[in-house]
Structure formats: C-alpha cells, structure tokens
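Novice: Contents are compact mmCIF, C-alpha atoms; file name input.txt:
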# COMPACT_ATOMS: atom_id res chain seq x y z
CA MET A 171 45.47 83.89 41.49
CA VAL A 172 47.05 85.70 38.55
CA PRO A 173 48.25 89.26 39.28
CA VAL A 174 47.24 92.26 37.19
CA TYR A 175 49.99 94.77 36.45
CA CYS A 176 49.38 98.51 36.69
CA GLU A 177 49.81 100.38 33.41
CA HIS A 178 51.39 103.35 35.18
CA CYS A 179 53.92 101.87 37.63
CA ASN A 180 54.11 98.26 36.29
CA ARG A 181 53.67 96.70 39.76
CA ALA A 182 51.58 93.64 40.54
CA ASN A 183 48.07 93.95 42.04
CA GLY A 184 45.31 91.51 42.87
CA ALA A 185 43.21 90.24 39.96
CA ASP A 186 40.07 92.11 41.05
CA ALA A 187 41.73 95.27 42.42
CA PRO A 188 39.92 98.42 41.23
CA ARG A 189 42.98 100.61 41.99
CA CYS A 190 46.71 100.04 42.12
CA ILE A 191 47.85 99.66 45.72
CA TRP A 192 51.18 101.30 44.84
CA CYS A 193 50.27 104.42 42.85
CA GLY A 194 46.49 104.74 43.36
CA LEU A 195 45.53 104.87 39.69
CA PRO A 196 42.63 102.77 38.43
CA VAL A 197 43.63 99.34 37.13
CA THR A 198 41.73 98.98 33.87
CA GLY A 199 43.13 95.64 32.71
CA ALA A 200 43.77 97.05 29.25
CA SER A 201 46.22 99.69 28.09
CA LEU A 202 44.15 102.83 28.72
CA GLY A 203 40.73 101.61 27.71
CA GLY A 204 37.82 100.75 29.92
CA ASP A 205 36.06 102.81 32.52
CA PHE A 206 37.11 103.35 36.08
CA GLU A 207 35.17 104.43 39.10
CA ILE A 208 34.72 108.06 40.07
CA THR A 209 37.12 109.50 42.65
CA ARG A 210 35.53 111.98 45.05
CA ILE A 211 37.33 114.38 47.38
CA GLU A 212 36.26 117.36 49.50
CA ILE A 213 38.58 120.29 48.95
CA GLU A 214 38.66 124.07 49.26
CA TYR A 215 38.17 125.96 45.98
CA LEU A 216 40.44 128.99 45.55
CA GLY A 217 39.68 130.41 42.11
CA GLY A 218 39.88 130.09 38.34
CA ILE A 219 36.32 129.07 37.40
CA ASP A 220 33.96 131.77 36.14
CA ARG A 221 30.76 130.39 37.68
CA LEU A 222 32.24 130.02 41.17
CA ASP A 223 32.92 133.39 42.74
CA ASP A 224 34.41 133.08 46.20
CA PRO A 225 36.72 130.56 47.85
CA ALA A 226 34.52 127.89 49.40
CA PRO A 227 34.54 124.17 50.19
CA VAL A 228 33.55 122.03 47.19
CA LYS A 229 33.27 118.39 46.21
CA LEU A 230 35.57 117.38 43.38
CA ALA A 231 34.61 114.27 41.41
CA VAL A 232 37.06 112.90 38.82
CA GLY A 233 35.74 110.26 36.45
CA PRO A 234 35.98 109.08 32.85
CA ALA A 235 33.79 111.99 31.67
CA GLY A 236 35.99 114.64 33.31
CA VAL A 237 35.97 116.70 36.50
CA GLU A 238 32.81 117.84 38.26
CA ILE A 239 32.97 120.58 40.90
CA THR A 240 29.94 120.96 43.21
CA GLU A 241 29.54 123.54 45.96
CA ILE A 242 28.94 122.09 49.40
CA ILE A 243 27.35 125.25 50.82
CA PRO A 244 24.77 126.25 49.50
CA GLY A 245 25.20 123.47 46.94
CA SER A 246 23.37 125.14 44.09
CA ARG A 247 26.25 125.58 41.64
CA ASN A 248 27.78 122.77 39.67
CA VAL A 249 30.60 123.06 37.11
CA LYS A 250 31.78 120.31 34.78
CA ILE A 251 35.08 120.26 32.93
CA ALA A 252 34.95 117.66 30.17
CA ALA A 253 37.83 115.20 29.91
CA HIS A 254 38.83 116.43 26.45
CA GLU A 255 39.20 120.01 27.79
CA ILE A 256 41.69 119.09 30.54
CA LEU A 257 45.33 119.75 29.67
CA ASP A 258 47.22 119.00 32.90
CA ALA A 259 47.09 118.86 36.70
CA GLN A 260 49.84 119.96 39.06
CA VAL A 261 50.31 119.73 42.82
CA GLU A 262 52.34 122.29 44.76
CA ASP A 263 53.54 121.99 48.33
CA ALA A 264 53.01 125.45 49.86
CA SER A 265 53.55 124.29 53.45
CA THR A 266 55.40 126.48 55.91
CA PHE A 267 57.24 125.77 59.13
CA ILE A 268 56.37 127.56 62.36
CA GLU A 269 59.36 128.02 64.59
CA GLY A 270 59.01 126.73 68.13
CA LYS A 271 59.26 129.45 70.80
CA ARG A 272 61.38 129.15 73.89
CA LYS A 273 59.49 129.00 77.14
CA ARG A 274 60.93 130.33 80.29
CA ALA A 275 61.28 127.92 83.19
CA ALA A 276 58.80 128.16 86.01
CA TRP A 277 59.91 130.22 89.02
CA TRP A 278 60.02 127.16 91.27
CA TRP A 279 62.59 125.48 89.01
CA TYR A 280 65.24 127.87 90.22
CA LEU A 281 64.50 126.92 93.85
CA ILE A 282 64.66 123.14 93.48
CA ARG A 283 67.14 122.66 90.63
CA PRO A 284 70.33 120.74 91.32
CA LEU A 285 73.40 122.89 91.55
CA GLY A 286 75.19 123.35 88.25
CA SER A 287 72.25 122.31 86.06
CA ASP A 288 70.79 124.56 83.44
CA ALA A 289 67.20 125.75 83.33
CA PRO A 290 64.91 123.60 81.13
CA ASP A 291 64.17 126.36 78.64
CA ARG A 292 65.06 124.45 75.51
CA LYS A 293 63.47 125.37 72.24
CA PRO A 294 60.62 123.04 71.21
CA ALA A 295 60.60 121.50 67.76
CA ASP A 296 59.35 123.40 64.72
CA THR A 297 55.85 122.50 63.50
CA LYS A 298 54.68 122.23 59.91
CA LYS A 299 51.59 124.08 58.71
CA HIS A 300 50.30 121.87 55.89
CA ASP A 301 49.12 123.60 52.72
CA TYR A 302 48.87 121.81 49.36
CA ILE A 303 47.51 123.31 46.14
CA LEU A 304 46.05 121.39 43.18
CA THR A 305 45.93 123.29 39.89
CA ILE A 306 43.85 121.91 37.01
CA ILE A 307 44.79 123.44 33.66
CA TYR A 308 42.00 123.30 31.10
CA LYS A 309 40.78 125.05 27.98
CA ALA A 310 37.42 126.78 27.84
CA GLU A 311 36.06 129.07 25.14
CA GLY A 312 39.42 129.05 23.33
CA ASP A 313 41.39 130.22 26.40
CA VAL A 314 43.65 128.24 28.70
CA LYS A 315 42.47 128.57 32.30
CA LYS A 316 43.65 127.33 35.68
CA ALA A 317 41.39 126.21 38.50
CA ALA A 318 43.07 126.14 41.92
CA PHE A 319 42.10 124.05 44.94
CA ARG A 320 43.63 123.73 48.42
CA ARG A 321 43.94 121.03 51.05
CA GLU A 322 45.30 121.91 54.51
CA ASP A 323 45.71 118.63 56.32
CA ARG A 324 48.50 116.13 56.78
CA LEU A 325 47.19 113.67 54.18
CA GLY A 326 46.53 116.42 51.64
CA LEU A 327 49.71 115.87 49.62
CA SER A 328 49.10 112.18 49.02
CA LEU A 329 45.41 112.75 48.22
CA LEU A 330 46.12 115.54 45.75
CA ASN A 331 48.95 113.59 44.12
CA GLY A 332 46.53 110.70 43.58
CA VAL A 333 43.92 113.01 42.03
CA ALA A 334 46.59 114.58 39.79
CA ARG A 335 47.68 111.10 38.61
CA ILE A 336 44.10 110.20 37.73
CA ILE A 337 43.71 113.46 35.81
CA ALA A 338 46.99 112.71 33.99
CA LEU A 339 45.51 109.32 33.06
CA LEU A 340 42.46 111.11 31.61
CA VAL A 341 44.69 113.44 29.60
CA ARG A 342 46.74 110.54 28.21
CA ARG A 343 43.59 108.62 27.41
CA ASN A 344 42.11 111.53 25.45
CA GLN A 345 45.33 112.15 23.51
CA GLN A 346 45.17 108.67 21.97
For this file, write the structure as structure tokens.

Specialist:
Amino acid sequence: MVPVYCEHCNRANGADAPRCIWCGLPVTGASLGGDFEITRIEIEYLGGIDRLDDPAPVKLAVGPAGVEITEIIPGSRNVKIAAHEILDAQVEDASTFIEGKRKRAAWWWYLIRPLGSDAPDRKPADTKKHDYILTIIYKAEGDVKKAAFRREDRLGLSLLNGVARIIALLVRRNQQ
C-alpha cells in the first residue's frame, strides 16, 4: 500500500483516506485540485449575516462551493457564502475558568476527627467553561463582513480549528 501525503502538513495517510488523520483537511491527491466532501457541523450563530436576525442554532456546511448556513429552528432560512467571497476564517478561545469554592466541613467532622488534624475544607479545583468562537470573514456587496459562530463544548476547539483549516484551503484554492 502506497501512502498519500497531505498537502497541508506533509504527513503520510492511507491511499484511500478522504481526510488527513493528522490535520483533518481533505486529501485531494493533487496539489489543491479535485473536490472534497462536504463538512457539516451544528453550531450556534451569533451574528454578522443580514438575513439571519437573532442568535440561534444553525447547521454549517463547508464544501467546494463555499459555506452554507441553514437554520435548525424553524429551518426556513438558508444563506450561502460562495467560495470566492470568503477571505479568511479565525478561531478564538473565549473560555473562562470558574474558581472552585471552599466548602465547610460537616459538623460531625469536628466530633470524630483525630486530634491535631485539620478540617477537610480544601479548595476544589477550578473548572473551565468552554467557549470557542469561529469568525468567517467574507465580502458581500463590496463590503467586508464577519459572521460569528460559537461552540460551547469540550471538543469545540478542535472542531472549529478543523473547519477553519478547510475554509483556509478553500481560500488558497480560489487564489490560484
């Protein structure tokens, strides 16, 4: 079996791999030519598109033709950003840490504790509130606009970085 090398990270993949196992970009087998399959992700829309008014959950589909945004509820609106209109995609980590609060020991601890030992009121570990933002920069009607999307789960950063890499591939492909 002869390996196929990814054009983005130059690592070896299986001969019939549709995506690079290392960076997640489509393996086209040629420099930047050829089509690749559509990547779909459910994400929360924040703003930046004229036809979509309020923040709501949407389906984002990235393919060779561009980006398609479809509302999940009620599902009537659909916006397409053509590949030649996309300028860039950026991912921002807007996560915050929530400080753990000290809990006071139960009353019975003071009755049964060994002499000389401290109460078990140690501070618990801080927790991370995940918040990742994908910004797609595109041109429409002669203006540069930014569409913002959010993902609030643990895997959000890796998913959005993969989508941003695929969008960067589209931008490079259209600049040639």

Novice: Near A:Glu269, within 10 Å and counting all atoms listed in the file, which residues show up once chain neighbours fewer than 3 positions away are dropped, as a ChimeraX atom specification?

Specialist: /A:266,272,293-298

Novice: Go ahead and save the picked residues with C-alpha atoms, as a short mmCIF file (atom, residue, chain, number, x, y, z; two decimals), in the coordinates of the input.

Specialist:
data_model
loop_
_atom_site.label_atom_id
_atom_site.label_comp_id
_atom_site.auth_asym_id
_atom_site.auth_seq_id
_atom_site.Cartn_x
_atom_site.Cartn_y
_atom_site.Cartn_z
CA THR A 266 55.40 126.48 55.91
CA ARG A 272 61.38 129.15 73.89
CA LYS A 293 63.47 125.37 72.24
CA PRO A 294 60.62 123.04 71.21
CA ALA A 295 60.60 121.50 67.76
CA ASP A 296 59.35 123.40 64.72
CA THR A 297 55.85 122.50 63.50
CA LYS A 298 54.68 122.23 59.91
#

Novice: What residues have an atom no more than 10 Å from (52.9, 123.0, 57.9) in the file's own frame, counting all atoms listed in the file, and can you write them as a PDB file with C-alpha atoms, in the frame of the given file?

Specialist:
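So point-v8.pdb came out as:
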ATOM      1  CA  ASP A 263      53.540 121.990  48.330  1.00  0.00           C
ATOM      2  CA  ALA A 264      53.010 125.450  49.860  1.00  0.00           C
ATOM      3  CA  SER A 265      53.550 124.290  53.450  1.00  0.00           C
ATOM      4  CA  THR A 266      55.400 126.480  55.910  1.00  0.00           C
ATOM      5  CA  PHE A 267      57.240 125.770  59.130  1.00  0.00           C
ATOM      6  CA  ILE A 268      56.370 127.560  62.360  1.00  0.00           C
ATOM      7  CA  ASP A 296      59.350 123.400  64.720  1.00  0.00           C
ATOM      8  CA  THR A 297      55.850 122.500  63.500  1.00  0.00           C
ATOM      9  CA  LYS A 298      54.680 122.230  59.910  1.00  0.00           C
ATOM     10  CA  LYS A 299      51.590 124.080  58.710  1.00  0.00           C
ATOM     11  CA  HIS A 300      50.300 121.870  55.890  1.00  0.00           C
ATOM     12  CA  ASP A 301      49.120 123.600  52.720  1.00  0.00           C
ATOM     13  CA  TYR A 302      48.870 121.810  49.360  1.00  0.00           C
ATOM     14  CA  GLU A 322      45.300 121.910  54.510  1.00  0.00           C
ATOM     15  CA  ASP A 323      45.710 118.630  56.320  1.00  0.00           C
ATOM     16  CA  ARG A 324      48.500 116.130  56.780  1.00  0.00           C
TER      17      ARG A 324
END

Novice: Would you give me, as CSV, each residue of stretch 207-229 of chain A having an atom within 12 Å of an atom of stretch 172-196 of chain A, along with its shortest atom pair and that distance in Å to one decimal, using only C-alpha atoms and sorting by chain and residue number?

Specialist:
residue,atom,partner,partner_atom,distance
A:Glu207,CA,A:Pro196,CA,7.7
A:Ile208,CA,A:Pro196,CA,9.7
A:Thr209,CA,A:Pro196,CA,9.7

Novice: So which residues touch A:Glu212 within 9 Å, counting all atoms listed in the file, skipping near sequence neighbours fewer than 2 positions away, as a VMD selection string?

Specialist: chain A and resid 210 214 227 to 231 242 321

Novice: Would you kindly return, as a list in words, each protein, DNA or RNA residue with an atom no farther than 12 Å from any atom of stretch 309-311 of chain A, considering only C-alpha atoms and excluding same-chain residues fewer than 4 positions away?

Specialist: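 Everything that qualifies: Gly218, Ile219, Asp220, Lys250, Ile251, Ala252, Ala253, His254, Glu255, Ile256, Leu257, Asp258, Lys315, Lys316 and Ala317 of chain A.
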
Novice: Taking 3 positions as the minimum chain separation for residues in the same chain, which residues sit within 9 Å of A:Ala259 when counting only C-alpha atoms? Answer as a list in words.

Specialist: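 Skipping anything fewer than 3 positions along the chain leaves Ile256, Leu304, Thr305, Ile306, Ile307, Tyr308, Val333, Ala334, Arg335, Ile337 and Ala338 of chain A.
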
Novice: Work out how far atom CA of A:Ile336 is from atom CA of A:Pro244, in Å to one decimal.

Specialist: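 Calculated distance between atom CA of A:Pro244 and atom CA of A:Ile336 is 27.7 Å.
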
Novice: Please report the interatomic distance between atom CA of A:Val197 and atom CA of A:Phe319 in Å with one decimal.

Specialist: 26.0 Å

Novice: Which is closer to A:Asp224 than all the others in A:Val261, A:Ile303, A:Leu327, A:Ala318, using all atoms listed in the file?

Specialist: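 Once distances to A:Asp224 are computed over all atoms listed in the file, the minimum belongs to A:Ala318.
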
Novice: Find the distance between atom CA of A:Glu238 and atom CA of A:Asn344 and write it in Å to one decimal.

Specialist: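 So the two atoms, atom CA of A:Glu238 and atom CA of A:Asn344, lie 17.0 Å apart.
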